[in-house]
Amino acid sequence: MHGDGDRMIRAAGGVLWRSSAGGAVEVALVHRPEYGDWSLPKGKLRRGEHPLVTACREVAEETGVRAVAGKRLEVEHYNTARGPKAVEYWAMHGPDAPFRPTREVDDLARVPLADARRLDYQGDAYAIDALRALADGVRGGSAVLLVRNARAVPAGRWHGAGGHRPLDVKGREQAESLRRTLPAFGPSRLVSASGARFADTMRPLGAELGLAVETEPVFGEEEYAARPRHGLTRILELADAGDATAVCTPGAVIRHLLATLAEDAGLDVREYPAVKGSVWALFFSGGRLAAADYYPALTSPLP
């Protein structure tokens, strides 16, 4: 974590934006008295922490805003005296909050997006450019999170009804990782296919957020195969609702949904991995898929 030799120092932050009264996009920059510069809010990962969690925590601590993560932006790589460093950024937004100066950050400025690239620390400029390139609907953080169910007890070792097959030890760990990390997207609704392994994947997250897990059979593998357009329509309805929704469904359903949505939108998404416990964050604009981020694991990258 502190960069011994060539060990990677990991950090994360957010490009926190809002719409001004005139409709222009403004970006939050923070002033660091130690360096005498204006930069984006960011900080080092803690052990056991996914970069998404770090980014939201740092934005909250440095700006006072409890922000929601949206599209993943740039990963900045550079060398420091302590070793190589990588900083991951996400587009973020949230309600304005009072700013309270700290020893690390003593001022906050809201700068028009067109001017934000002039910040003192030019290493952050790539993240500003990435935000500028996003469609308005993608910036907002509203998403459909396609969650592949966590690992369950193998069917050959389970003697009960197939729909009651529970998560195994690894699966419960994956569900805990989802609980710790997915609140970064601010989901307001949790949906799962029928079956214990799907609902159990989402229940820890539901307990964390105070949300019930709704069952929608259309996202089951057999039900989806029989009526794929119905499942696709349901995803688009959830996307149109505005707030983020997490949907737990089998890998085969995720892959078909992604392929269909990408083809309909003319996006070049060549691969559709969906390992157990993984997440696809889908962002929509104008009723079509505009961007997609894949998170193969929501564990910490730190040893």
# chains A, B, ... in the order shown; residues from 1 in each chain; ligands from 1
$ residues_around --residues "segment 80-95 of chain A" --least-positions-apart "6" --cutoff "10 Å" --atoms "only C-alpha atoms" --output "PyMOL selection string"
chain A and resi 1-19+27-28+40-45+51-52+54-56+59-60+64-74+123-124+126-128+130-131+134+138-141+184-185
$ residues_around --residues "Gly195 of chain A" --least-positions-apart "4" --cutoff "8 Å" --atoms "only C-alpha atoms" --output "tab-separated table (two decimals) with N, CA and C atoms, in the first residue's frame"
chain	number	residue	atom	x	y	z
A	162	GLY	N	-33.92	-28.17	-6.80
A	162	GLY	CA	-32.94	-27.33	-7.48
A	162	GLY	C	-33.07	-25.86	-7.14
A	163	GLY	N	-34.30	-25.40	-7.00
A	163	GLY	CA	-34.52	-23.99	-6.69
A	163	GLY	C	-34.09	-23.59	-5.30
A	164	HIS	N	-33.83	-24.58	-4.42
A	164	HIS	CA	-33.43	-24.28	-3.05
A	164	HIS	C	-31.92	-24.40	-2.85
A	165	ARG	N	-31.17	-24.64	-3.92
A	165	ARG	CA	-29.73	-24.84	-3.79
A	165	ARG	C	-29.08	-23.57	-3.24
A	199	ALA	N	-31.60	-15.03	-4.94
A	199	ALA	CA	-32.05	-14.18	-3.84
A	199	ALA	C	-30.98	-14.07	-2.76
$ atom_distance --atom1 "atom CA of Val144 of chain A" --atom2 "atom CA of Leu267 of chain A"
16.8 Å
$ select_by_dssp --residues "segment 10-193 of chain A" --states "strand (DSSP E)" --output "PDB file with C-alpha atoms, in the first residue's frame"
ATOM      1  CA  ARG A  10      -3.478   2.040  -5.568  1.00  0.00           C
ATOM      2  CA  ALA A  11      -5.764   5.057  -5.256  1.00  0.00           C
ATOM      3  CA  ALA A  12      -9.204   6.095  -6.487  1.00  0.00           C
ATOM      4  CA  GLY A  13     -11.309   9.207  -6.827  1.00  0.00           C
ATOM      5  CA  GLY A  14     -14.217  10.845  -8.556  1.00  0.00           C
ATOM      6  CA  VAL A  15     -15.013  13.533 -11.098  1.00  0.00           C
ATOM      7  CA  LEU A  16     -17.879  15.044  -9.131  1.00  0.00           C
ATOM      8  CA  TRP A  17     -20.181  17.030 -11.385  1.00  0.00           C
ATOM      9  CA  ARG A  18     -23.449  18.935 -11.164  1.00  0.00           C
ATOM     10  CA  SER A  19     -25.643  21.020 -13.446  1.00  0.00           C
ATOM     11  CA  VAL A  25     -21.947  21.082 -16.235  1.00  0.00           C
ATOM     12  CA  GLU A  26     -19.630  22.032 -13.369  1.00  0.00           C
ATOM     13  CA  VAL A  27     -16.857  19.897 -11.865  1.00  0.00           C
ATOM     14  CA  ALA A  28     -15.663  19.955  -8.247  1.00  0.00           C
ATOM     15  CA  LEU A  29     -11.964  20.663  -7.690  1.00  0.00           C
ATOM     16  CA  VAL A  30     -10.312  20.575  -4.271  1.00  0.00           C
ATOM     17  CA  HIS A  31      -7.339  22.610  -3.071  1.00  0.00           C
ATOM     18  CA  ARG A  32      -4.568  20.726  -1.295  1.00  0.00           C
ATOM     19  CA  ASP A  37      -2.623  22.807  -6.110  1.00  0.00           C
ATOM     20  CA  TRP A  38      -6.171  22.179  -7.335  1.00  0.00           C
ATOM     21  CA  SER A  39      -6.972  18.577  -8.162  1.00  0.00           C
ATOM     22  CA  LYS A  42      -8.944  11.096  -4.507  1.00  0.00           C
ATOM     23  CA  GLY A  43      -7.085   8.978  -1.972  1.00  0.00           C
ATOM     24  CA  LYS A  44      -5.338   5.675  -1.305  1.00  0.00           C
ATOM     25  CA  VAL A  68     -23.243   8.084  -6.450  1.00  0.00           C
ATOM     26  CA  ALA A  69     -20.787   6.416  -8.830  1.00  0.00           C
ATOM     27  CA  GLY A  70     -21.548   6.313 -12.513  1.00  0.00           C
ATOM     28  CA  LYS A  71     -19.399   5.387 -15.514  1.00  0.00           C
ATOM     29  CA  ARG A  72     -15.839   4.300 -14.872  1.00  0.00           C
ATOM     30  CA  LEU A  73     -13.433   6.838 -16.354  1.00  0.00           C
ATOM     31  CA  GLU A  74      -9.665   6.822 -16.747  1.00  0.00           C
ATOM     32  CA  VAL A  75      -6.974   4.961 -14.832  1.00  0.00           C
ATOM     33  CA  GLU A  76      -3.980   7.233 -14.412  1.00  0.00           C
ATOM     34  CA  HIS A  77      -0.531   5.620 -14.113  1.00  0.00           C
ATOM     35  CA  TYR A  78       2.572   7.484 -12.982  1.00  0.00           C
ATOM     36  CA  ASN A  79       5.729   7.021 -10.934  1.00  0.00           C
ATOM     37  CA  THR A  80       6.313   8.417  -7.459  1.00  0.00           C
ATOM     38  CA  GLY A  83       6.935   3.444  -6.520  1.00  0.00           C
ATOM     39  CA  PRO A  84       4.436   3.230  -9.425  1.00  0.00           C
ATOM     40  CA  LYS A  85       0.936   4.506  -8.735  1.00  0.00           C
ATOM     41  CA  ALA A  86      -2.458   3.886 -10.355  1.00  0.00           C
ATOM     42  CA  VAL A  87      -5.485   6.111  -9.720  1.00  0.00           C
ATOM     43  CA  GLU A  88      -8.936   5.008 -10.920  1.00  0.00           C
ATOM     44  CA  TYR A  89     -11.692   7.562 -11.490  1.00  0.00           C
ATOM     45  CA  TRP A  90     -15.475   7.415 -11.775  1.00  0.00           C
ATOM     46  CA  ALA A  91     -18.021   9.973 -12.879  1.00  0.00           C
ATOM     47  CA  MET A  92     -20.006  10.939  -9.777  1.00  0.00           C
ATOM     48  CA  HIS A  93     -22.896  13.138  -8.806  1.00  0.00           C
ATOM     49  CA  ASP A 107     -11.054  24.776  -0.279  1.00  0.00           C
ATOM     50  CA  LEU A 108     -13.567  23.587  -2.866  1.00  0.00           C
ATOM     51  CA  ALA A 109     -14.351  25.152  -6.244  1.00  0.00           C
ATOM     52  CA  ARG A 110     -17.037  24.353  -8.804  1.00  0.00           C
ATOM     53  CA  VAL A 111     -15.552  24.927 -12.240  1.00  0.00           C
ATOM     54  CA  PRO A 112     -17.329  24.796 -15.629  1.00  0.00           C
ATOM     55  CA  VAL A 144     -28.869  -1.258 -14.409  1.00  0.00           C
ATOM     56  CA  LEU A 145     -26.438  -3.521 -12.577  1.00  0.00           C
ATOM     57  CA  LEU A 146     -26.497  -7.041 -14.003  1.00  0.00           C
ATOM     58  CA  VAL A 147     -25.257  -9.279 -11.192  1.00  0.00           C
ATOM     59  CA  ARG A 148     -24.211 -12.853 -11.927  1.00  0.00           C
ATOM     60  CA  ARG A 189     -34.272  -1.451  -6.200  1.00  0.00           C
ATOM     61  CA  LEU A 190     -33.050  -5.059  -6.022  1.00  0.00           C
ATOM     62  CA  VAL A 191     -34.432  -7.742  -8.336  1.00  0.00           C
ATOM     63  CA  SER A 192     -33.554 -11.412  -8.706  1.00  0.00           C
TER      64      SER A 192
END
$ residues_around --residues "Val269 of chain A" --least-positions-apart "5" --cutoff "10 Å" --atoms "only C-alpha atoms" --output "PyMOL selection string"
chain A and resi 258-259+261-263+291-292
$ write_last_selection --atoms "C-alpha atoms" --output "CSV table (one decimal), in the first residue's frame"
chain,number,residue,atom,x,y,z
A,258,LEU,CA,-25.6,-7.6,-23.4
A,259,ALA,CA,-25.2,-8.9,-26.9
A,261,LEU,CA,-28.5,-4.4,-26.2
A,262,ALA,CA,-25.1,-3.7,-27.7
A,263,GLU,CA,-26.2,-4.8,-31.2
A,291,ALA,CA,-21.8,2.3,-22.1
A,292,ALA,CA,-21.0,-0.8,-20.0
$ select_by_dssp --residues "segment 41-270 of chain A" --states "helix (DSSP H, G or I)" --output "count of residues only"
107
$ residues_around --residues "Val253 of chain A" --least-positions-apart "3" --cutoff "9 Å" --atoms "only C-alpha atoms" --output "MDAnalysis selection string"
chainID A and resid 219:221 224:225 228 231 249:250 256:258
$ residues_around --residues "Val169 of chain A" --least-positions-apart "5" --cutoff "12 Å" --atoms "only C-alpha atoms" --output "ChimeraX atom specification"
/A:150-154,174-176,201
$ write_last_selection --atoms "C-alpha atoms" --output "PDB file, in the first residue's frame"
ATOM      1  CA  ALA A 150     -22.683 -16.020  -6.525  1.00  0.00           C
ATOM      2  CA  ARG A 151     -21.344 -19.556  -6.442  1.00  0.00           C
ATOM      3  CA  ALA A 152     -23.772 -22.173  -5.111  1.00  0.00           C
ATOM      4  CA  VAL A 153     -23.391 -25.698  -3.799  1.00  0.00           C
ATOM      5  CA  PRO A 154     -22.804 -27.899  -6.907  1.00  0.00           C
ATOM      6  CA  GLN A 174     -18.951 -13.057  -3.075  1.00  0.00           C
ATOM      7  CA  ALA A 175     -22.321 -11.901  -1.734  1.00  0.00           C
ATOM      8  CA  GLU A 176     -20.480 -10.017   1.026  1.00  0.00           C
ATOM      9  CA  THR A 201     -26.725 -13.350  -3.597  1.00  0.00           C
TER      10      THR A 201
END
$ decode --residues "segment 195-244 of chain A" --atoms "C-alpha atoms" --output "short mmCIF file (atom, residue, chain, number, x, y, z; two decimals), in the first residue's frame"
data_model
loop_
_atom_site.label_atom_id
_atom_site.label_comp_id
_atom_site.auth_asym_id
_atom_site.auth_seq_id
_atom_site.Cartn_x
_atom_site.Cartn_y
_atom_site.Cartn_z
CA GLY A 195 -34.28 -19.52 -6.84
CA ALA A 196 -32.39 -19.41 -3.56
CA ARG A 197 -28.95 -18.81 -5.09
CA PHE A 198 -30.16 -15.61 -6.80
CA ALA A 199 -32.05 -14.18 -3.84
CA ASP A 200 -29.26 -15.16 -1.42
CA THR A 201 -26.73 -13.35 -3.60
CA MET A 202 -28.69 -10.13 -3.14
CA ARG A 203 -29.92 -10.42 0.46
CA PRO A 204 -26.78 -9.07 2.18
CA LEU A 205 -26.91 -6.04 -0.11
CA GLY A 206 -30.61 -5.66 0.66
CA ALA A 207 -29.91 -5.74 4.39
CA GLU A 208 -27.19 -3.11 3.95
CA LEU A 209 -29.50 -0.79 2.01
CA GLY A 210 -32.77 -1.60 3.78
CA LEU A 211 -34.31 -2.91 0.56
CA ALA A 212 -36.37 -6.02 -0.11
CA VAL A 213 -35.26 -8.36 -2.88
CA GLU A 214 -38.02 -8.61 -5.48
CA THR A 215 -38.39 -11.79 -7.52
CA GLU A 216 -39.01 -11.46 -11.26
CA PRO A 217 -39.21 -14.90 -12.93
CA VAL A 218 -38.57 -13.38 -16.38
CA PHE A 219 -34.87 -13.21 -15.46
CA GLY A 220 -34.61 -16.96 -14.87
CA GLU A 221 -32.70 -18.92 -17.51
CA GLU A 222 -35.61 -21.03 -18.77
CA GLU A 223 -38.13 -18.20 -18.57
CA TYR A 224 -35.79 -15.83 -20.39
CA ALA A 225 -35.03 -18.39 -23.11
CA ALA A 226 -38.77 -18.76 -23.74
CA ARG A 227 -39.42 -14.99 -23.89
CA PRO A 228 -36.14 -13.10 -24.40
CA ARG A 229 -37.80 -9.95 -25.72
CA HIS A 230 -39.90 -9.76 -22.57
CA GLY A 231 -36.74 -9.81 -20.47
CA LEU A 232 -35.11 -7.19 -22.67
CA THR A 233 -38.16 -4.93 -22.41
CA ARG A 234 -38.09 -5.28 -18.64
CA ILE A 235 -34.43 -4.20 -18.50
CA LEU A 236 -35.23 -1.13 -20.58
CA GLU A 237 -38.15 -0.31 -18.27
CA LEU A 238 -35.86 -0.52 -15.25
CA ALA A 239 -33.30 1.69 -16.99
CA ASP A 240 -35.98 4.25 -17.82
CA ALA A 241 -37.02 4.47 -14.16
CA GLY A 242 -34.00 6.71 -13.50
CA ASP A 243 -32.57 5.26 -10.30
CA ALA A 244 -30.08 2.40 -10.35
#
